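Asks: File start11.txt follows (compact mmCIF, C-alpha atoms):
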# COMPACT_ATOMS: atom_id res chain seq x y z
CA MET A 449 -13.86 45.96 2.53
CA VAL A 450 -15.13 42.65 1.11
CA GLU A 451 -18.89 42.59 0.54
CA ARG A 452 -20.68 39.92 2.59
CA LYS A 453 -24.07 38.29 2.18
CA PRO A 454 -26.13 35.88 4.29
CA LEU A 455 -26.17 32.15 3.58
CA GLU A 456 -29.74 31.91 2.27
CA LEU A 457 -30.03 28.18 2.97
CA PHE A 458 -30.30 28.94 6.71
CA TYR A 459 -31.40 32.57 6.56
CA VAL A 460 -34.82 33.11 8.13
CA VAL A 461 -36.52 36.37 9.13
CA TYR A 462 -39.49 36.22 11.51
CA GLU A 463 -41.72 38.76 13.29
CA GLN A 464 -39.85 40.17 16.27
CA GLY A 465 -41.59 39.52 19.59
CA ASN A 466 -43.94 36.92 18.06
CA LEU A 467 -43.28 33.48 19.58
CA ALA A 468 -45.48 31.70 17.02
CA SER A 469 -43.53 33.36 14.21
CA LYS A 470 -40.24 32.32 15.84
CA ALA A 471 -41.51 28.73 16.17
CA LEU A 472 -42.50 28.70 12.49
CA ALA A 473 -39.04 30.00 11.60
CA PHE A 474 -37.48 27.02 13.38
CA ILE A 475 -39.92 24.66 11.65
CA SER A 476 -38.96 26.23 8.32
CA LEU A 477 -35.36 25.15 8.95
CA SER A 478 -36.30 21.60 10.00
CA PRO A 479 -36.01 19.99 6.52
CA ASN A 480 -32.26 20.66 6.70
CA LEU A 481 -32.15 18.76 10.01
CA VAL A 482 -34.21 15.91 8.57
CA ALA A 483 -31.86 15.54 5.60
CA THR A 484 -28.85 15.52 7.94
CA GLY A 485 -30.63 12.98 10.15
CA LEU A 486 -31.28 10.66 7.20
CA PHE A 487 -27.61 10.63 6.28
CA ALA A 488 -26.59 10.22 9.91
CA ALA A 489 -28.98 7.28 10.27
CA PHE A 490 -27.33 5.61 7.28
CA ALA A 491 -23.87 6.22 8.73
CA ALA A 492 -24.93 4.80 12.11
CA THR A 493 -26.95 1.78 10.97
CA ARG A 494 -25.49 1.12 7.49
CA ARG A 495 -29.06 0.42 6.31
CA ILE A 496 -29.20 1.31 2.61
CA TRP A 497 -32.84 2.39 2.99
CA TRP A 498 -31.77 5.53 4.87
CA PHE A 499 -29.37 6.50 2.10
CA TRP A 500 -32.00 5.71 -0.54
CA THR A 501 -34.48 8.05 1.18
CA PHE A 502 -31.78 10.72 1.54
CA THR A 503 -31.01 10.43 -2.19
CA GLY A 504 -34.71 10.79 -2.99
CA VAL A 505 -35.16 14.03 -1.06
CA VAL A 506 -31.93 15.47 -2.47
CA LEU A 507 -33.01 14.60 -6.04
CA THR A 508 -36.41 16.18 -5.40
CA ASP A 509 -34.68 19.32 -4.12
CA ILE A 510 -32.38 19.50 -7.16
CA LEU A 511 -35.30 19.13 -9.56
CA CYS A 512 -37.11 21.95 -7.74
CA VAL A 513 -34.07 24.19 -8.22
CA VAL A 514 -34.12 23.38 -11.95
CA GLY A 515 -37.87 24.03 -12.04
CA LYS A 516 -37.37 27.44 -10.43
CA LYS A 517 -34.87 28.42 -13.10
CA VAL A 518 -37.17 27.23 -15.90
CA MET A 519 -40.41 28.81 -14.58
CA ASP A 520 -38.69 31.87 -13.11
CA GLN A 521 -41.76 32.91 -11.12
CA PRO A 522 -40.90 35.58 -8.54
CA ARG A 523 -41.50 35.18 -4.83
CA PRO A 524 -44.32 37.16 -3.18
CA HIS A 525 -43.87 40.93 -3.10
CA GLY A 526 -41.83 41.98 -0.07
CA SER A 527 -40.12 38.61 0.43
CA TYR A 528 -36.73 38.88 2.12
CA LYS A 529 -35.44 36.02 -0.06
CA SER A 530 -34.22 36.63 -3.58
CA GLY A 531 -34.65 34.50 -6.69
CA PRO A 532 -37.65 32.63 -8.11
CA GLY A 533 -40.08 30.79 -5.83
CA MET A 534 -41.92 28.27 -8.04
CA PRO A 535 -42.00 25.49 -6.91
CA SER A 536 -41.24 25.53 -3.19
CA GLU A 537 -38.32 23.21 -2.34
CA HIS A 538 -39.33 23.06 1.32
CA ALA A 539 -42.90 22.02 0.45
CA ALA A 540 -41.63 19.40 -2.01
CA PHE A 541 -39.17 18.02 0.55
CA ALA A 542 -41.80 17.82 3.31
CA ALA A 543 -44.42 16.23 1.04
CA PHE A 544 -41.91 13.72 -0.34
CA PHE A 545 -40.84 12.70 3.14
CA ALA A 546 -44.42 12.43 4.46
CA VAL A 547 -45.77 10.41 1.51
CA TYR A 548 -42.73 8.15 1.23
CA LEU A 549 -42.62 7.42 4.95
CA MET A 550 -46.39 6.87 5.14
CA ILE A 551 -46.43 4.35 2.27
CA ARG A 552 -43.41 2.51 3.70
CA MET A 553 -45.01 2.33 7.14
CA VAL A 554 -48.29 1.04 5.74
CA ARG A 555 -46.63 -1.55 3.49
CA PHE A 556 -43.56 -2.71 5.36
CA VAL A 557 -43.82 -1.90 9.09
CA ARG A 558 -45.47 -4.55 11.23
CA CYS A 559 -46.87 -3.24 14.51
CA ARG A 560 -50.13 -2.43 16.24
CA PRO A 561 -52.30 0.16 14.46
CA VAL A 562 -52.07 2.92 17.09
CA PRO A 563 -48.28 3.56 16.91
CA LYS A 564 -48.43 3.47 13.11
CA ILE A 565 -51.34 5.92 12.97
CA LEU A 566 -49.60 8.25 15.44
CA ALA A 567 -46.36 8.16 13.44
CA ILE A 568 -48.20 8.94 10.18
CA PHE A 569 -50.15 11.75 11.86
CA MET A 570 -46.96 13.28 13.29
CA VAL A 571 -45.07 13.25 9.99
CA TRP A 572 -48.03 14.80 8.16
CA PHE A 573 -48.46 17.40 10.89
CA TRP A 574 -44.78 18.29 10.53
CA ALA A 575 -45.06 18.51 6.71
CA THR A 576 -48.14 20.73 6.97
CA MET A 577 -46.39 23.04 9.43
CA VAL A 578 -43.38 23.33 7.11
CA VAL A 579 -45.70 24.49 4.30
CA ILE A 580 -47.53 26.93 6.60
CA SER A 581 -44.21 28.30 7.89
CA ARG A 582 -43.01 29.14 4.37
CA HIS A 583 -46.18 31.13 3.68
CA HIS A 584 -46.11 32.86 7.06
CA LEU A 585 -42.50 33.93 6.52
CA GLY A 586 -43.51 35.44 3.18
CA VAL A 587 -41.11 33.47 1.00
CA HIS A 588 -43.72 31.56 -1.05
CA SER A 589 -47.25 32.05 -2.31
CA TRP A 590 -49.87 29.37 -1.70
CA GLU A 591 -49.66 28.48 -5.40
CA GLN A 592 -45.90 27.87 -5.16
CA LEU A 593 -46.40 25.77 -2.03
CA LEU A 594 -49.20 23.74 -3.62
CA VAL A 595 -47.13 22.98 -6.72
CA GLY A 596 -44.12 22.09 -4.57
CA SER A 597 -46.22 19.79 -2.38
CA GLY A 598 -47.76 18.09 -5.42
CA PHE A 599 -44.34 17.58 -6.97
CA GLY A 600 -43.03 16.12 -3.70
CA CYS A 601 -45.94 13.63 -3.57
CA PHE A 602 -45.32 12.67 -7.20
CA MET A 603 -41.60 12.14 -6.61
CA ALA A 604 -42.29 10.03 -3.52
CA ALA A 605 -44.55 7.71 -5.51
CA ILE A 606 -41.98 7.44 -8.32
CA TRP A 607 -39.11 6.87 -5.89
CA LEU A 608 -41.00 4.10 -4.08
CA PHE A 609 -41.85 2.47 -7.42
CA VAL A 610 -38.18 2.53 -8.40
CA GLU A 611 -37.24 1.09 -4.99
CA ILE A 612 -39.71 -1.79 -5.32
CA THR A 613 -38.66 -2.45 -8.93
CA PHE A 614 -34.96 -2.60 -8.08
CA ARG A 615 -35.28 -4.15 -4.62
CA PRO A 616 -33.09 -7.18 -5.52
CA LYS A 617 -30.33 -4.80 -6.65
CA LEU A 618 -30.70 -2.73 -3.49
CA ARG A 619 -30.31 -5.92 -1.44
CA GLU A 620 -27.06 -6.57 -3.28
CA VAL A 621 -25.91 -3.04 -2.51
CA GLN A 622 -26.80 -3.62 1.15
CA GLN A 623 -24.65 -6.77 1.16
CA ILE A 624 -21.75 -4.83 -0.37
CA VAL A 625 -22.10 -2.12 2.30
CA ASN A 626 -22.16 -4.80 5.02
CA SER A 627 -19.05 -6.46 3.56
CA ILE A 628 -17.16 -3.17 3.38
CA TRP A 629 -18.08 -2.35 6.97
CA LYS A 630 -17.04 -5.80 8.13
CA SER A 631 -13.70 -5.51 6.31
CA LEU A 632 -13.02 -2.23 8.16
CA ASP A 633 -13.30 -4.20 11.43
CA ILE A 634 -14.90 -1.32 13.31
CA HIS A 635 -16.42 -2.12 16.71
CA CYS A 636 -18.06 0.00 19.38
CA ASP A 637 -17.41 -1.27 22.89
CA ASP A 638 -19.23 1.18 25.14
CA GLY A 639 -19.80 -1.34 27.93
CA LEU A 640 -23.59 -1.21 27.65
CA ASN A 641 -23.91 -4.83 26.57
CA GLN A 642 -21.66 -6.33 29.21
CA ASP A 643 -24.31 -7.41 31.74
CA SER A 644 -23.41 -11.07 31.45
CA LYS A 645 -19.72 -10.35 32.08
CA MET A 646 -20.45 -8.18 35.11
CA LYS A 647 -22.38 -10.92 36.91
Take the structure I supplied and represent it as structure tokens, if you would.
Replies:
Amino acid sequence: MVERKPLELFYVVYEQGNLASKALAFISLSPNLVATGLFAAFAATRRIWWFWTFTGVVLTDILCVVGKKVMDQPRPHGSYKSGPGMPSEHAAFAAFFAVYLMIRMVRFVRCRPVPKILAIFMVWFWATMVVISRHHLGVHSWEQLLVGSGFGCFMAAIWLFVEITFRPKLREVQQIVNSIWKSLDIHCDDGLNQDSKMK
């Protein structure tokens, strides 16, 4: 019989019968959904910013994997996950996303203060809960989570600096994407914008 093993990317073990633990397990998986959502947003809107953000979180994740191999610090004793745990990829991802989104909202989004403050609070609340969930599930120590979070913040600042530096080039890329999409001649006619024709 062929030996089988769980796919660790989505493998989470929580305390049976504990609803809070189950909720934290779901939150622990949410960075995967966020990454998928970023790519889906790019596919749906063709806005290069979504793909740029997606690339930033993926690069941060890859660098964390490299860091784990270099530092080779074990996970907490009794962890159900194997392999090294320093730094935490989940913490780095969440911190990157929170810092990057916060700075972009402060600098580039024009709206009343209350919606902006609420959005920033929500993304930071989510990032904090991701970090807490990884400790609760026993897969990272606080030290590993702190280093991961710090690295995510650092990467977000670097990524935003690169974006601002190369903004003219990114605009050119956006124009290329728009041209390619236009050449494909894809249209969505779902009938939702036909009010004038129905009258």
Asks: Show me, as a PyMOL selection string, the residues that have an atom within 12 Å of Phe545 (chain A) when counting all atoms listed in the file, minus same-chain residues fewer than 2 positions from it.
Replies: chain A and resi 479+482-483+486+498+500-506+508-509+538-543+547-553+568+570-576+578+597+599-605+607-608
Asks: Nearest to Trp497 (chain A): which of A:Leu632, A:Val621, A:Leu455, A:Leu566 is it, counting all atoms listed in the file?
Replies: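 Using all atoms listed in the file, the shortest distance to Trp497 (chain A) belongs to A:Val621.
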Asks: For the atom pair CA of Ala491 (chain A) and CA of Leu618 (chain A), what is the interatomic distance in Å to one decimal place?
Replies: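 Those two atoms sit 16.6 Å apart.
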Asks: Take CA of Ala468 (chain A) and CA of His584 (chain A) and report the distance between them in Å, one decimal.
Replies: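 Separation of CA of Ala468 (chain A) and CA of His584 (chain A): 10.0 Å.
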Asks: Between CA of Phe614 (chain A) and CA of Pro535 (chain A), measure the distance and give it in Å to one decimal.
Replies: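 A separation of 29.0 Å between them.
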